[in-house]
Each structure stands twice: as C-alpha cells, then as structure tokens.
Amino acid sequence: MEVQPPPSLAAVSIPTEARFAAHHRSFLERFGSGGSPPRLFFAPGRINLMGAHLDYNGGPVMPMAIDRGTFLALRPRTDGLLVLASSREAEGHELHLSELGEASSSGRWWDYPVGVAKALADAGAELGTSGGFDLYFGGDLPVGAGLSSSASITLVTALALDAGLDLQLDVEAAIVAALWAEREYVGVHCGIMDPYAVGFARPGRVLLLDCSDSSWQHLPLDGKRYSVGIVDTGVRRELARGEFNLRVAQCAQAFEALGPAAPGATCLAEVPLEVLEGARLEPVVARRARHVIEETARTFAASAALQRGDVGGFAGEMFAAHHSLRDLFEVSIPELDTIVEVAEAHSGVLGARLTGAGFGGCVAAILEAGSEDDFAEQVRALHVQRHVREPQVAFYQGSPGLGEVGL
Ligand code: GLA
C-alpha cells in the first residue's frame with residue numbers, strides 16, 4: 001500500500017464527493033472488500049480570522065471552517081481490536097480495546113484517536129466490550145499548518161465512534177473528548193477554539209465564540225462578494241508545541257500578577273489595559289499580556305463590524321492583529337510577514353494575518369471577489385524572491401461541516 005504524499009493546499013478543484021469516494025476505495029484496498037461496507041465521516045479544518053491566542057485567555061475568537069479536512073472510514077470488527085491506519089502515514093497501530101485503560105501516549109499520530117477512545121471510555125462508553133473497529137484516516141488538510149488538523153482528527157474520531165457504538169453523543173460531548181485527548185493525552189495545553197470551530201462549522205459562517213463561557217453564534221460572511229484566501233508558507237516548526245505551551249504559561253503568569261488589581265476579571269482577556277499599564281511585569285510577560293488585552297478589544301470591534309455587515313471594518317482588524325502577533329506575542333516568522341506585507345499593499349485585500357498558533361503555517365486573508373489571481377501572483381513572486389520556496393495559495397469554498405458522508 002503506497003503512502004500518499006501530503007496533499008497540496010492549492011488542489012482546490014477536486015469536488016468533495018470525488019475525494020470521499022477515493023478514500024472509500026483506498027479503505028477497501030487497505031482492509032479488503034469483504035464484510036460490511038465502511039461508513040465514512042468528515043471533519044473540516046479551520047482558520048481563525050480574529051482572536052489570536054485568546055481562547056486560553058478567556059477572550060472572543062472568530063474561526064471559520066474550511067473545505068479541507070479529515071476523512072475517516074470505519075468498519076466494525078469482531079475480535080475487539082482497534083486498528084488504526086492512515087493513507088498519509090506508513091505506520092499504523094493496533095490495540096485491544098480491553099487494554100485501552102493502560103494505553104499511554106507515544107508521540108505518534110495515533111495518539112489523537114487513541115486519546116479520544118480513552119476519553120469516551122472514561123465517560124462511560126462500552127468500548128472495552130465492543131467488537132472493535134478498523135479506522136482508516138486520510139483527507140486533504142496539511143498537518144501542522146495551523147489549520148487545526150488535530151481538532152479535525154479528534155472530532156472525526158469521536159463522531160465515528162459515536163456512530164459505530166450508537167452512543168448518541170451531542171457535539172459538546174464530542175468536544176469534551178477531543179479536548180481531553182489533546183490536552184491530557186497528547187500534552188498540548190490548547191484552548192477550546194479548535195474543536196468548537198470544527199464541531200459547529202457551517203458553510204459561509206464565521207463562528208463567534210466567547211471563550212469565557214463557551215457561548216457562540218454564527219455570523220454570515222457573503223461568499224459571493226468576498227473570498228477567503230489561505231496562503232501556506234510550507235514552513236513547519238517542531239518547536240511550535242513547546243513555544244505554544246510557553247505562551248500559555250506566560251499568559252497565566254501575567255494573569256496571576258494582574259488579577260488582584262483587576263477586581264471582577266476572571267481571566268487575562270478581562271483585565272483592563274490601565275491595570276497592565278500601571279503594573280511592573282517582566283517585559284516579555286507584559287508584551288504577551290498587552291497582545292491579549294488589545295486583541296480582545298480588536299476582536300469585539302471586528303465582530304461588531306461583521307454583525308452590521310461592514311466586512312471592510314471587520315477584516316481591517318486582521319492587519320493590526322498580525323502586527324501584534326509579530327511584535328508583542330512574537331509568534332510570526334519572516335515568511336508570514338512577507339505574505340501579510342503583500343496583502344496590505346494590495347487594493348483587493350481587506351485583511352490578512354497569520355492563523356493558528358504561528359511559528360510557520362498559513363496566513364488567512366479576506367479579499368474582494370475577483371482579486372484572487374492577482375493577489376496569488378504577487379504573493380508567490382515576493383515570497384519566492386525572498387524565501388526561495390513557493391507558497392501554496394488556495395481560496396475557501398465553503399465547508400460541508402462535521403458529519404457522516406453518504407456515498
Ligand atoms: C492553536 C491552539 C488553539 C489556539 C490557537 C491560537 O491553534 O490549538 O487553541 O490557541 O493556537 O489562537
């Protein structure tokens with residue numbers, strides 16, 4: 001069985017149905033066509049348009065799902081094994097479900113689905129006594145590109161096991177399992193944004209999620225007048241996980257220092273700017289706190305603009321967000337800055353910023369429809385000139401959202 005190369009973000013023209021059908025065929029090649037036909041599930045990836053690094057600080061975030069994501073084919077077994085394979089990785093894994101309780105993380109891709117299975121078992125799902133499953137992962141979401149491949153894989157696993165075991169979970173319960181897997185099993189101290197973005201994705205809608213109380217609503221973004229672009233630098237940094245956890249710790253340190261002077265504030269996002277300005281913090285911690293407090297205000301302003309249909313006002317905040325991520329939160333890299341620089345100079349681009357945790361990955365941009373080709377050309381030209389590598393440019397086409405796919 002040949003491992004497929006990482007998907008190209010720019011390969012936007014393949015219709016979703018054809019991609020699902022190819023995964024289905026690939027499952028049959030890998031696992032054989034005997035037995036019941038596999039069921040197929042999809043979870044999208046996401047970009048975050050506003051509210052960078054606010055989720056674990058209790059602030060508002062504005063993610064949107066994209067039409068790339070994770071595909072998962074599931075077929076029940078009778079021997080109690082959970083067999084995990086992927087069209088994108090040479091190595092897979094299997095374990096007996098009665099031994100799930102003793103499973104420990106390995107640093108490999110299957111930690112995500114195994115973590116979800118453990119979380120569901122801990123919450124009472126009868127996995128240990130089930131007949132087991134073949135789970136075959138694939139899809140067209142670049143991994144480690146800031147497009148939330150991890151929430152995509154955890155949620156699609158929760159959805160498929162829910163269907164396979166008839167657990168009747170709601171999306172919130174799937175999110176709880178996904179978060180446990182990533183935080184406790186894989187060990188990334190992530191916030192709640194990604195699983196909410198994936199779990200509640202709707203085509204053409206931005207999710208406005210308030211991370212202080214998990215309340216959310218959908219806001220429309222007119223897909224005929226505006227286009228959502230993603231430019232992938234191709235840079236993947238191993239240090240991202242450690243740097244991410246360091247930012248989480250620095251923000252916690254800031255809140256510990258500022259909280260007592262901000263009565264009523266339950267998280268760093270709620271601390272007034274004057275409190276920060278009157279405090280003496282280590283300079284690096286003060287920079288992180290300033291980003292969080294100012295980004296919170298920017299995101300509220302951006303969401304108010306989008307609610308009144310002012311897409312220019314909304315997207316304009318993205319440039320300021322990027323500057324803050326570059327200068328105060330220090331999670332950008334020169335490649336991302338080059339792309340945002342082209343976007344700022346282009347009359348058809350309303351806003352752009354790095355998306356995801358940073359240290360590599362992608363820029364998300366909002367453009368006037370019709371300016372896509374020119375922007376893509378300019379981005380490629382300057383990026384190649386400065387950084388040699390050609391970035392991949394794709395335009396968002398509307399996500400089918402989380403769900404089972406009928407073939
Ligand atoms: C990563 C995390 C998210 C969020 C973003 C930054 O994607 O998984 O929870 O913190 O970074 O906004």
# chains A, B, ... in the order shown; residues from 1 in each chain; ligands from 1

call {"tool": "residues_around", "arguments": {"residues": "stretch 343-357 of chain A", "least_positions_apart": "5", "cutoff": "6 Å", "atoms": "only C-alpha atoms", "output": "JSON, numbers by chain"}}
result
{"A": [47, 48, 146, 312, 315, 316, 318, 319, 322, 362, 363, 364, 365, 366, 367, 368, 371]}

call {"tool": "residues_near_ligand", "arguments": {"ligand": "ligand 1", "cutoff": "9 Å", "atoms": "only C-alpha atoms and all ligand atoms", "output": "MDAnalysis selection string"}}
result
chainID A and resid 47:48 50:57 61 146:148 150:151 182 188:195 244 248 355:358

call {"tool": "select_by_dssp", "arguments": {"residues": "stretch 57-264 of chain A", "states": "alpha helix (DSSP H)", "output": "ChimeraX atom specification"}}
result
/A:111-122,149-165,171-180,193-199,240-258

call {"tool": "residues_around", "arguments": {"residues": "A:Leu382", "least_positions_apart": "6", "cutoff": "9 Å", "atoms": "only C-alpha atoms", "output": "mmCIF file with all heavy atoms, in the first residue's frame"}}
result
data_model
loop_
_atom_site.group_PDB
_atom_site.id
_atom_site.type_symbol
_atom_site.label_atom_id
_atom_site.label_comp_id
_atom_site.auth_asym_id
_atom_site.auth_seq_id
_atom_site.Cartn_x
_atom_site.Cartn_y
_atom_site.Cartn_z
ATOM 1 N N THR A 338 5.996 38.416 5.099
ATOM 2 C CA THR A 338 6.055 38.778 3.681
ATOM 3 C C THR A 338 4.655 38.703 3.063
ATOM 4 O O THR A 338 4.231 39.593 2.317
ATOM 5 C CB THR A 338 6.995 37.805 2.922
ATOM 6 O OG1 THR A 338 8.318 37.994 3.403
ATOM 7 C CG2 THR A 338 6.959 38.035 1.418
ATOM 8 N N ILE A 339 3.921 37.653 3.382
ATOM 9 C CA ILE A 339 2.582 37.467 2.792
ATOM 10 C C ILE A 339 1.642 38.583 3.253
ATOM 11 O O ILE A 339 0.888 39.156 2.458
ATOM 12 C CB ILE A 339 2.033 36.071 3.167
ATOM 13 C CG1 ILE A 339 2.926 34.993 2.542
ATOM 14 C CG2 ILE A 339 0.591 35.906 2.716
ATOM 15 C CD1 ILE A 339 2.798 33.616 3.180
ATOM 16 N N VAL A 342 2.402 41.823 1.406
ATOM 17 C CA VAL A 342 1.784 41.876 0.065
ATOM 18 C C VAL A 342 0.293 42.192 0.202
ATOM 19 O O VAL A 342 -0.261 43.015 -0.525
ATOM 20 C CB VAL A 342 1.979 40.533 -0.691
ATOM 21 C CG1 VAL A 342 1.225 40.538 -2.017
ATOM 22 C CG2 VAL A 342 3.455 40.244 -0.910
#

call {"tool": "select_by_dssp", "arguments": {"residues": "stretch 209-317 of chain A", "states": "strand (DSSP E)", "output": "list in words"}}
result
Leu209, Asp210, Ser215, Trp216, Gln217, His218, Leu219, Pro220, Tyr226, Ser227, Val228, Gly229, Ile230, Val231 and Asp232 of chain A

call {"tool": "residues_around", "arguments": {"residues": "A:Met62", "least_positions_apart": "6", "cutoff": "10 Å", "atoms": "only C-alpha atoms", "output": "number ranges by chain"}}
result
A: 47-52, 193, 197, 205-210, 216-219, 299-300, 302-303

call {"tool": "atom_distance", "arguments": {"atom1": "atom CA of A:Leu74", "atom2": "atom CA of A:Pro142"}}
result
21.7 Å
